[in-house]
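Chemist: Structure in structure tokens, see below.
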Amino acid sequence: MIKVDQEKCIGCGLCAGICPKTFQMNADGKSEPISQETSGCAQNAAASCPVKAISL
Ligand code: SF4
């Protein structure tokens, strides 16, 4: 299950840039998952998050 820790997320937008089909920035300026597809770019996005807010 893909989750973004809303407390940790600093809203840098990196994950949504790397994997826009899985992550979208919400009205609070934080990332939220819009799909549960854990293969491919979601892995890259999680690994690239500077604050490790994404869990797969
Ligand atoms: S890469 Fe991490 S800190 Fe940046 S928007 Fe995504 S979840 Fe938030």
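Lettering and numbering for the structure tokens are positional, with chains as A, B, ... in the shown order, residues counted from 1 in each chain, and ligands counted from 1 in the shown order.
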Would you mind listing what lies within 10 Å of A:Gln36 as a list in words, with only C-alpha atoms counted and same-chain residues fewer than 5 positions away left out?

Modeler: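 Neighbouring residues, sequence-local ones excluded: Met1, Ile2, Lys3, Lys21, Thr22, Phe23, Ala42 and Leu56 of chain A.
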
Chemist: Can you pull out every residue with an atom within 9 Å of ligand 1? Use only C-alpha atoms and all ligand atoms and format it as a PyMOL selection string.

Modeler: chain A and resi 3-6+8-18+23-25+29-32+45-54

Chemist: From a DSSP calculation on the backbone, collect every residue of stretch 7-56 of chain A in strand (DSSP E or B) and output the set as a PyMOL selection string.

Modeler: chain A and resi 23-25+31-33+54-55

Chemist: Please run DSSP on the backbone and report, as a PyMOL selection string, all residues within chain A that come out as alpha helix (DSSP H).

Modeler: chain A and resi 14-18+41-48
